[in-house]
Structure formats: structure tokens, C-alpha cells
>>> print(open('work_9.txt').read())   # compact mmCIF, C-alpha atoms
# COMPACT_ATOMS: atom_id res chain seq x y z
CA MET V 1419 6.31 17.66 -15.39
CA ILE V 1420 7.30 15.66 -12.32
CA ASP V 1421 10.95 15.31 -11.31
CA VAL V 1422 11.74 12.57 -8.75
CA ARG V 1423 15.06 12.92 -6.90
CA PRO V 1424 16.50 12.81 -3.38
CA VAL V 1425 15.50 15.67 -1.10
CA GLN V 1426 18.50 17.94 -0.65
CA THR V 1427 17.93 21.36 0.91
CA HIS V 1428 16.62 22.43 4.30
CA ASP V 1429 13.63 24.06 2.62
CA GLU V 1430 12.83 20.77 0.88
CA TYR V 1431 12.99 18.83 4.14
CA ARG V 1432 10.62 21.38 5.69
CA ALA V 1433 8.32 20.88 2.71
CA VAL V 1434 8.28 17.13 3.48
CA GLU V 1435 7.16 17.98 7.02
CA GLN V 1436 4.30 20.08 5.66
CA LEU V 1437 3.29 17.44 3.14
CA GLN V 1438 2.86 14.93 5.97
CA ARG V 1439 0.35 17.30 7.54
CA LEU V 1440 -1.54 17.73 4.27
CA THR V 1441 -1.58 14.03 3.35
CA TRP V 1442 -2.59 12.44 6.65
CA GLY V 1443 -3.70 15.37 8.78
CA HIS V 1444 -0.74 14.79 11.10
CA GLY V 1445 -0.30 16.98 14.14
CA ASP V 1446 3.17 18.08 15.18
CA LEU V 1447 3.64 15.02 17.42
CA ASP V 1448 3.23 12.64 14.47
CA VAL V 1449 5.31 14.44 11.84
CA VAL V 1450 8.75 12.95 11.10
CA PRO V 1451 10.86 16.09 11.66
CA ASP V 1452 13.43 17.54 9.32
CA HIS V 1453 16.43 16.68 11.52
CA LEU V 1454 15.47 13.00 11.50
CA LEU V 1455 14.84 13.05 7.73
CA ILE V 1456 18.30 14.54 7.22
CA THR V 1457 19.92 11.93 9.46
CA ILE V 1458 18.21 9.08 7.58
CA GLN V 1459 19.31 10.51 4.23
CA LYS V 1460 22.93 10.90 5.37
CA ASN V 1461 23.13 7.32 6.69
CA ASP V 1462 22.14 5.31 3.61
CA GLY V 1463 18.44 5.71 4.09
CA LEU V 1464 16.40 7.46 1.41
CA VAL V 1465 14.16 10.52 1.33
CA LEU V 1466 12.85 11.04 -2.19
CA GLY V 1467 10.86 14.02 -3.36
CA ALA V 1468 8.52 14.32 -6.33
CA PHE V 1469 8.69 17.90 -7.56
CA ASP V 1470 6.30 19.57 -9.98
CA VAL V 1471 8.60 21.61 -12.21
CA SER V 1472 5.97 22.79 -14.69
CA SER V 1473 5.39 26.20 -13.09
CA CYS V 1474 5.85 29.14 -15.45
CA ASP V 1475 7.88 31.04 -12.86
CA GLY V 1476 10.42 28.20 -12.59
CA GLU V 1477 9.61 27.38 -8.96
CA GLU V 1478 9.37 23.73 -7.93
CA GLN V 1479 6.57 22.42 -5.74
CA LEU V 1480 6.85 19.24 -3.68
CA VAL V 1481 3.84 17.04 -4.50
CA GLY V 1482 5.05 13.72 -3.07
CA PHE V 1483 7.74 12.05 -1.03
CA ALA V 1484 9.02 8.61 -0.01
CA LEU V 1485 10.90 7.82 3.19
CA GLY V 1486 12.79 4.58 3.84
CA PHE V 1487 15.77 3.14 5.68
CA LEU V 1488 17.74 -0.07 6.06
CA GLY V 1489 16.36 -2.97 8.08
CA ARG V 1490 16.66 -6.73 8.43
CA THR V 1491 14.32 -9.65 7.87
CA PRO V 1492 13.70 -12.09 10.75
CA ASP V 1493 16.42 -14.37 9.31
CA GLY V 1494 18.94 -11.51 9.20
CA ARG V 1495 18.88 -10.53 5.51
CA LEU V 1496 19.30 -6.87 4.69
CA LYS V 1497 16.22 -5.11 3.32
CA HIS V 1498 14.93 -1.60 2.70
CA CYS V 1499 12.04 -0.59 4.97
CA SER V 1500 9.76 1.85 3.16
CA HIS V 1501 8.12 3.75 6.00
CA MET V 1502 6.14 6.50 4.25
CA VAL V 1503 4.96 7.43 0.76
CA GLY V 1504 2.80 10.53 0.68
CA VAL V 1505 1.16 12.35 -2.23
CA ALA V 1506 -0.41 15.78 -1.94
CA PRO V 1507 -4.22 15.97 -2.09
CA GLY V 1508 -5.32 16.53 -5.67
CA GLU V 1509 -2.18 14.95 -7.13
CA GLN V 1510 -3.16 11.27 -6.76
CA ASN V 1511 -4.02 10.71 -10.44
CA ARG V 1512 -0.62 11.74 -11.82
CA ASN V 1513 1.24 8.48 -11.05
CA VAL V 1514 3.30 10.31 -8.43
CA GLY V 1515 3.27 7.40 -5.96
CA TYR V 1516 4.14 4.93 -8.71
CA ARG V 1517 7.11 7.01 -9.87
CA LEU V 1518 8.37 7.38 -6.30
CA LYS V 1519 8.28 3.60 -5.85
CA LEU V 1520 10.15 3.04 -9.13
CA ALA V 1521 12.87 5.48 -8.05
CA GLN V 1522 13.03 3.79 -4.66
CA ARG V 1523 13.46 0.41 -6.36
CA GLU V 1524 16.28 1.72 -8.55
CA HIS V 1525 18.09 3.16 -5.51
CA VAL V 1526 17.78 -0.06 -3.50
CA LEU V 1527 18.83 -2.34 -6.37
CA ALA V 1528 21.95 -0.21 -6.87
CA ARG V 1529 22.93 -1.08 -3.30
CA GLY V 1530 22.65 -4.82 -3.89
CA ILE V 1531 19.42 -5.25 -1.91
CA ASP V 1532 16.52 -7.15 -3.44
CA LEU V 1533 13.68 -6.71 -0.91
CA ILE V 1534 11.59 -3.69 0.08
CA THR V 1535 8.86 -4.04 2.69
CA TRP V 1536 6.17 -1.69 3.98
CA THR V 1537 2.80 -1.73 5.70
CA PHE V 1538 -0.54 -0.32 4.62
CA ASP V 1539 -4.19 -0.53 5.55
CA PRO V 1540 -5.67 -3.50 3.64
CA LEU V 1541 -9.03 -1.71 3.38
CA GLU V 1542 -7.55 1.14 1.31
CA SER V 1543 -8.26 -0.09 -2.21
CA ARG V 1544 -6.34 2.69 -4.03
CA ASN V 1545 -3.13 1.78 -2.21
CA ALA V 1546 -3.77 -1.92 -2.72
CA ARG V 1547 -4.18 -1.42 -6.46
CA LEU V 1548 -0.80 0.33 -6.66
CA ASN V 1549 1.01 -2.14 -4.42
CA PHE V 1550 -0.19 -5.40 -5.93
CA HIS V 1551 -1.51 -4.71 -9.42
CA LYS V 1552 1.01 -2.14 -10.64
CA LEU V 1553 4.13 -2.86 -8.58
CA GLY V 1554 3.84 -6.64 -8.23
CA ALA V 1555 4.23 -6.77 -4.45
CA THR V 1556 2.79 -9.71 -2.49
CA CYS V 1557 1.55 -10.19 1.06
CA ASN V 1558 1.06 -13.11 3.43
CA THR V 1559 1.43 -11.25 6.73
CA TYR V 1560 -1.39 -9.57 8.67
CA LEU V 1561 -0.42 -7.39 11.64
CA ARG V 1562 -2.91 -6.36 14.30
CA GLU V 1563 -2.77 -2.89 15.91
CA VAL V 1564 0.69 -2.09 14.53
CA TYR V 1565 0.67 1.54 15.68
CA GLY V 1566 -1.86 1.42 18.50
CA GLN V 1567 -4.46 4.18 18.54
CA MET V 1568 -3.49 6.61 15.80
CA ARG V 1569 -4.20 10.35 15.93
CA ASP V 1570 -4.21 11.40 12.28
CA VAL V 1571 -7.41 12.22 10.41
CA LEU V 1572 -7.39 9.13 8.16
CA ASN V 1573 -6.89 6.59 10.93
CA VAL V 1574 -8.29 8.00 14.16
CA GLY V 1575 -10.55 5.62 16.06
CA LEU V 1576 -9.88 2.49 14.01
CA PRO V 1577 -7.64 -0.43 14.97
CA SER V 1578 -4.35 0.13 13.12
CA ASP V 1579 -4.27 -3.30 11.45
CA ARG V 1580 -1.92 -3.54 8.48
CA PHE V 1581 -0.73 -5.76 5.68
CA GLN V 1582 3.05 -6.16 5.55
CA VAL V 1583 3.94 -6.05 1.87
CA ASP V 1584 6.96 -7.84 0.39
CA TRP V 1585 8.33 -6.34 -2.84
CA HIS V 1586 10.94 -8.68 -4.30
CA ILE V 1587 12.34 -6.03 -6.61
CA ALA V 1588 14.77 -8.27 -8.54
CA SER V 1589 12.21 -11.03 -9.24
CA ALA V 1590 10.76 -11.99 -12.62
CA HIS V 1591 7.29 -11.50 -11.12
CA VAL V 1592 7.95 -7.83 -10.36
CA ALA V 1593 9.80 -7.21 -13.63
CA GLY V 1594 6.82 -8.54 -15.56
CA ARG V 1595 4.38 -6.28 -13.75
CA LEU V 1596 6.54 -3.21 -14.32
CA ARG V 1597 6.89 -4.00 -18.04
CA GLY V 1598 3.14 -4.31 -18.26
CA ASP V 1599 3.31 -7.68 -19.98
CA TRP V 1600 0.95 -9.33 -17.47
CA ALA V 1601 -2.79 -9.21 -18.09
CA ALA V 1602 -4.92 -9.36 -14.96
CA PRO V 1603 -7.75 -11.90 -15.14
CA SER V 1604 -11.26 -10.48 -15.19
CA LEU V 1605 -13.84 -11.40 -12.61
CA MET V 1606 -15.82 -13.14 -15.34
CA ALA V 1607 -12.80 -15.27 -16.29
CA LEU V 1608 -12.09 -16.10 -12.66
CA HIS V 1609 -15.71 -17.08 -12.08
CA ALA V 1610 -15.57 -19.28 -15.17
CA GLU V 1611 -12.56 -21.03 -13.66
CA GLY V 1612 -14.47 -21.61 -10.44
CA VAL V 1613 -12.58 -19.06 -8.31
CA PRO V 1614 -15.01 -18.05 -5.54
CA ILE V 1615 -15.64 -14.74 -3.80
CA VAL V 1616 -15.49 -16.13 -0.28
CA ASN V 1617 -17.14 -13.11 1.37
CA ARG V 1618 -19.51 -11.52 -1.12
CA ALA V 1619 -20.78 -8.32 0.52
CA LEU V 1620 -24.41 -7.97 1.50
CA PRO V 1621 -26.22 -5.57 -0.84
CA GLY V 1622 -26.71 -2.01 0.30
CA ASP V 1623 -25.20 1.44 0.15
CA PRO V 1624 -22.68 1.12 1.62
CA PRO V 1625 -22.25 -2.67 1.39
CA ARG V 1626 -21.99 -4.72 4.56
CA PRO V 1627 -19.76 -7.69 5.36
CA PRO V 1628 -21.52 -11.07 5.14
CA ARG V 1629 -22.44 -13.06 8.21
CA THR V 1630 -20.62 -16.16 6.95
CA VAL V 1631 -17.80 -16.87 4.49
CA LEU V 1632 -17.11 -19.78 2.17
CA PRO V 1633 -14.43 -22.34 3.06
CA LEU V 1634 -10.86 -21.26 2.29
CA GLN V 1635 -9.92 -23.92 -0.21
CA GLY V 1636 -8.69 -24.30 -3.77
CA GLU V 1637 -5.73 -22.79 -5.59
CA ARG V 1638 -7.17 -19.28 -5.81
CA LEU V 1639 -9.86 -17.25 -4.10
CA LEU V 1640 -11.21 -13.70 -3.99
CA VAL V 1641 -11.83 -11.50 -0.94
CA GLN V 1642 -14.09 -8.47 -1.32
CA ILE V 1643 -13.34 -5.17 0.44
CA PRO V 1644 -15.19 -1.82 0.44
CA SER V 1645 -14.29 0.23 -2.62
CA GLN V 1646 -14.06 3.62 -0.84
CA PHE V 1647 -13.21 2.95 2.76
CA GLN V 1648 -12.73 6.57 3.87
CA VAL V 1649 -16.14 7.51 2.45
CA LEU V 1650 -17.70 4.53 4.24
CA LYS V 1651 -15.94 5.48 7.48
CA SER V 1652 -17.29 9.04 7.30
CA ALA V 1653 -20.82 7.79 6.61
CA ASP V 1654 -20.95 4.94 9.14
CA PHE V 1655 -18.05 4.52 11.55
CA GLY V 1656 -19.57 1.41 13.10
CA LEU V 1657 -19.74 -0.25 9.70
CA ALA V 1658 -16.09 0.63 9.05
CA CYS V 1659 -15.19 -1.13 12.31
CA ALA V 1660 -17.29 -4.12 11.26
CA TRP V 1661 -15.33 -4.40 7.99
CA ARG V 1662 -12.07 -4.20 9.94
CA GLU V 1663 -13.09 -7.05 12.23
CA HIS V 1664 -14.48 -9.13 9.37
CA THR V 1665 -11.42 -8.85 7.14
CA ARG V 1666 -9.02 -9.28 10.07
CA VAL V 1667 -10.37 -12.75 10.80
CA LEU V 1668 -10.60 -13.64 7.13
CA PHE V 1669 -7.05 -12.61 6.17
CA GLU V 1670 -5.48 -14.14 9.26
CA GLY V 1671 -7.22 -17.40 8.40
CA ALA V 1672 -6.20 -17.26 4.74
CA PHE V 1673 -2.56 -16.48 5.46
CA GLY V 1674 -2.45 -19.17 8.11
CA ALA V 1675 -3.79 -21.64 5.54
CA GLY V 1676 -0.98 -20.81 3.10
CA TYR V 1677 -2.52 -18.16 0.82
CA THR V 1678 -0.76 -15.03 -0.47
CA VAL V 1679 -2.28 -11.82 -1.88
CA VAL V 1680 -1.06 -11.27 -5.45
CA ASP V 1681 -3.44 -8.68 -6.89
CA LEU V 1682 -6.29 -6.24 -6.30
CA ILE V 1683 -8.94 -6.47 -9.02
CA PHE V 1684 -11.24 -3.46 -9.35
CA GLU V 1685 -14.33 -3.89 -11.49
CA GLU V 1686 -17.74 -2.22 -11.57
CA GLY V 1687 -16.86 -0.07 -8.59
CA GLU V 1688 -15.91 -2.99 -6.35
CA GLY V 1689 -12.53 -4.21 -5.10
CA TYR V 1690 -11.45 -7.84 -4.73
CA TYR V 1691 -8.15 -9.22 -3.51
CA LEU V 1692 -6.89 -12.20 -5.47
CA LEU V 1693 -5.17 -14.77 -3.26
CA GLU V 1694 -3.19 -17.77 -4.46
CA TYR V 1695 -2.08 -20.81 -2.55
CA GLU V 1696 1.61 -20.34 -1.80
CA ASP V 1697 2.77 -23.30 -3.90
CA ARG V 1698 1.71 -21.32 -6.96
CA ILE V 1699 3.77 -18.20 -6.10
CA CYS V 1700 7.05 -17.89 -7.97
>>> encode(input="work_9.txt", output="C-alpha cells")
Amino acid sequence: MIDVRPVQTHDEYRAVEQLQRLTWGHGDLDVVPDHLLITIQKNDGLVLGAFDVSSCDGEEQLVGFALGFLGRTPDGRLKHCSHMVGVAPGEQNRNVGYRLKLAQREHVLARGIDLITWTFDPLESRNARLNFHKLGATCNTYLREVYGQMRDVLNVGLPSDRFQVDWHIASAHVAGRLRGDWAAPSLMALHAEGVPIVNRALPGDPPRPPRTVLPLQGERLLVQIPSQFQVLKSADFGLACAWREHTRVLFEGAFGAGYTVVDLIFEEGEGYYLLEYEDRIC
């Protein structure tokens, strides 16, 4: 059983430090230290822990955490900035990240705030599926080289481009996703409606980005990304960089043209972002 609650003790804060090392391969320079975690928690930020309490000996084990703090939008509105959500290796299929985000939403709503933002690598399809398909977040902001050259195992060597996600936690759109009363369209249904894949990957193992893309037009469109980016990166680092450059130009163009990411569709081992023209977004 997983219990999600605020981190409280010094040992738990130290466990959050260690989990950062396990999740991202952080060195000591990149770990958010316990004294800063404590300060954030004591000043209306939030450090949540997901604890496995199913051990027979009664001991709890930290298997996930979420770290966030107060911030402001460019127009001065208060928001919650979700900086980190980490799940221990081997625990990713237990809905730990999803439960942490739900608890984070509950905490932020109780403080009268209706927006949570965070960044993530748009080529990480597992994270995209959680953010857009399950949580109902949206994105129309692409950020180049947010963190400069990163040193952790997952990101070393690649440009640190990121999506900035907007999670409007009090909206009907989000409430519908969390209730599960929204059925994602299938690729077949989208094709039947004339929704194009603007960058269908070139065949191969692993797939390669196309040399050209279709025009960005119409109410909806699909953008293909690699299904297992870390595997691709390990197999062919140059190809991983090529996908970064390809999708950078494509997403910057789409967002500049008024499109917003609303979902990540995963079918037959392939991932596709669904983008809608902004006039259609509630």
C-alpha cells in the first residue's frame, strides 16, 4: 500500500535526497539538499512523499516524492511551481507519480490557487502520457536549453529543451480527465476525420525523423515522437540529437501558429502528441 503525505522527519528528507540520486543519477552538486527541502516545506511550499507501508516489519520505504513552491505567472497571478516529481526505479507502474500529482493538486486547491506549472522533456513519452492524458494538463510553451548542459545520467549531453506544462486544476477539462469520463480518440478515428501526422517517422529500428513535415494547418494535428527515448539515446546518441532538433523546430512552429498540446496518444508502440488550435481549447 502507498501512503502519500508531506515529508516530516529529518530521515525522510534525507531519503528524498537519496531518491534524487536513484531517479536521475544526480551527483551531490545537483541534489536539492535536505536543509532547502525543509525551508521550502516550512514556507508554504510542498514536499510530498509516497511511502510504501506494506512491509511486514512495519517499516516505511520512500518510493516517490514531489517538490514544489509558490511562484507567479508573467501577469502576476499566484501559481504553484512543481519543480520535481521522482519515482524510484522499479516503482513506475504503481501509479505513484499520478497519486503524488493528485495530492499536490488537493494541497494547492486548498490554498485558493488554481494553476500548477512544471517543465519536462517533450521526448519522454511516459511523462507525457501522465501529464496530458491522465492529468489533463496542456502546453503551448517550448523552452530551449532551460538548464544548460545537465550532468545527470538521463540528460547528459543533450540540449535541455523543455515543455512548460499548464495544469489548470480547477477547470472542467481537468476534472473530466481525473474522473475518467473522457475517451481519447483512436488514431484510426483521427485519421478518418482527416487529422494528419505531420511528421511521420521514417521506418527503421529505431525510427528516424522525416526530412520534411506537412503544413501546420487545420483544427487538429498529430506530432510523432520516439516511443522510448532513453533506449534510443543509448543506442544512437546522434539520432537522439536529431530528434531533439527536429521536434524543437516543429513544436516552436506549432505553438507560434496557435496550437496547444492536449494529449499523448500511444498506440502500437508509437507515441503521438495531439495538438488543437487554441480556439478549440476550453
>>> atom_distance(input="work_9.txt", atom1="CA of Gly1515 (chain V)", atom2="CA of Asn1545 (chain V)")
9.3 Å
>>> residues_around(input="work_9.txt", residues="region 1675-1685 of chain V", least_positions_apart="5", cutoff="8 Å", atoms="all atoms listed in the file", output="list in words")
Ser1543, Ala1546, Arg1547, Phe1550, His1551, Gly1554, Ala1555, Thr1556, Cys1557, Asn1558, Ala1602, Ser1604, Leu1605, Leu1634, Tyr1690, Tyr1691, Leu1692, Leu1693, Glu1694, Tyr1695, Glu1696 and Ile1699 of chain V
>>> residues_around(input="work_9.txt", residues="Arg1529 (chain V)", least_positions_apart="2", cutoff="12 Å", atoms="all atoms listed in the file", output="MDAnalysis selection string")
chainID V and resid 1462:1464 1488 1496:1498 1522:1527 1531:1533
>>> atom_distance(input="work_9.txt", atom1="CA of Ala1607 (chain V)", atom2="CA of Val1592 (chain V)")
22.8 Å
>>> residues_around(input="work_9.txt", residues="Arg1629 (chain V)", least_positions_apart="3", cutoff="9 Å", atoms="all atoms listed in the file", output="PDB file with C-alpha atoms, in the coordinates of the input")
ATOM      1  CA  ASN V1617     -17.140 -13.110   1.370  1.00  0.00           C
ATOM      2  CA  LEU V1620     -24.410  -7.970   1.500  1.00  0.00           C
ATOM      3  CA  HIS V1664     -14.480  -9.130   9.370  1.00  0.00           C
TER       4      HIS V1664
END
>>> closest_residue(input="work_9.txt", among="V:Pro1627, V:Ala1619, V:Gly1689, V:Arg1544", to="Gln1648 (chain V)", atoms="only C-alpha atoms")
V:Arg1544
>>> atom_distance(input="work_9.txt", atom1="CA of Leu1632 (chain V)", atom2="CA of Val1613 (chain V)")
11.4 Å
>>> closest_residue(input="work_9.txt", among="V:Thr1457, V:Ser1578, V:Gln1479, V:Thr1537", to="Thr1559 (chain V)", atoms="all atoms listed in the file")
V:Thr1537
>>> residues_around(input="work_9.txt", residues="Glu1430 (chain V)", least_positions_apart="3", cutoff="12 Å", atoms="all atoms listed in the file", output="PyMOL selection string")
chain V and resi 1423-1427+1433-1437+1451-1453+1455-1456+1465-1469+1478-1483
>>> closest_atom_pairs(input="work_9.txt", of="region 1508-1613 of chain V", to="region 1654-1662 of chain V", cutoff="10 Å", atoms="all atoms listed in the file", output="JSON lines")
{"residue": "V:Asp1539", "atom": "CA", "partner": "V:Arg1662", "partner_atom": "CA", "distance": 9.7}
{"residue": "V:Pro1540", "atom": "CA", "partner": "V:Arg1662", "partner_atom": "CA", "distance": 9.0}
{"residue": "V:Leu1541", "atom": "CA", "partner": "V:Arg1662", "partner_atom": "CA", "distance": 7.6}
{"residue": "V:Gly1575", "atom": "CA", "partner": "V:Phe1655", "partner_atom": "CA", "distance": 8.8}
{"residue": "V:Leu1576", "atom": "CA", "partner": "V:Cys1659", "partner_atom": "CA", "distance": 6.6}
{"residue": "V:Pro1577", "atom": "CA", "partner": "V:Arg1662", "partner_atom": "CA", "distance": 7.7}
{"residue": "V:Ser1578", "atom": "CA", "partner": "V:Arg1662", "partner_atom": "CA", "distance": 9.4}
{"residue": "V:Asp1579", "atom": "CA", "partner": "V:Arg1662", "partner_atom": "CA", "distance": 8.0}
>>> write_last_selection(input="work_9.txt", atoms="C-alpha atoms", output="PDB file, in the coordinates of the input")
ATOM      1  CA  ASP V1539      -4.190  -0.530   5.550  1.00  0.00           C
ATOM      2  CA  PRO V1540      -5.670  -3.500   3.640  1.00  0.00           C
ATOM      3  CA  LEU V1541      -9.030  -1.710   3.380  1.00  0.00           C
ATOM      4  CA  GLY V1575     -10.550   5.620  16.060  1.00  0.00           C
ATOM      5  CA  LEU V1576      -9.880   2.490  14.010  1.00  0.00           C
ATOM      6  CA  PRO V1577      -7.640  -0.430  14.970  1.00  0.00           C
ATOM      7  CA  SER V1578      -4.350   0.130  13.120  1.00  0.00           C
ATOM      8  CA  ASP V1579      -4.270  -3.300  11.450  1.00  0.00           C
TER       9      ASP V1579
END
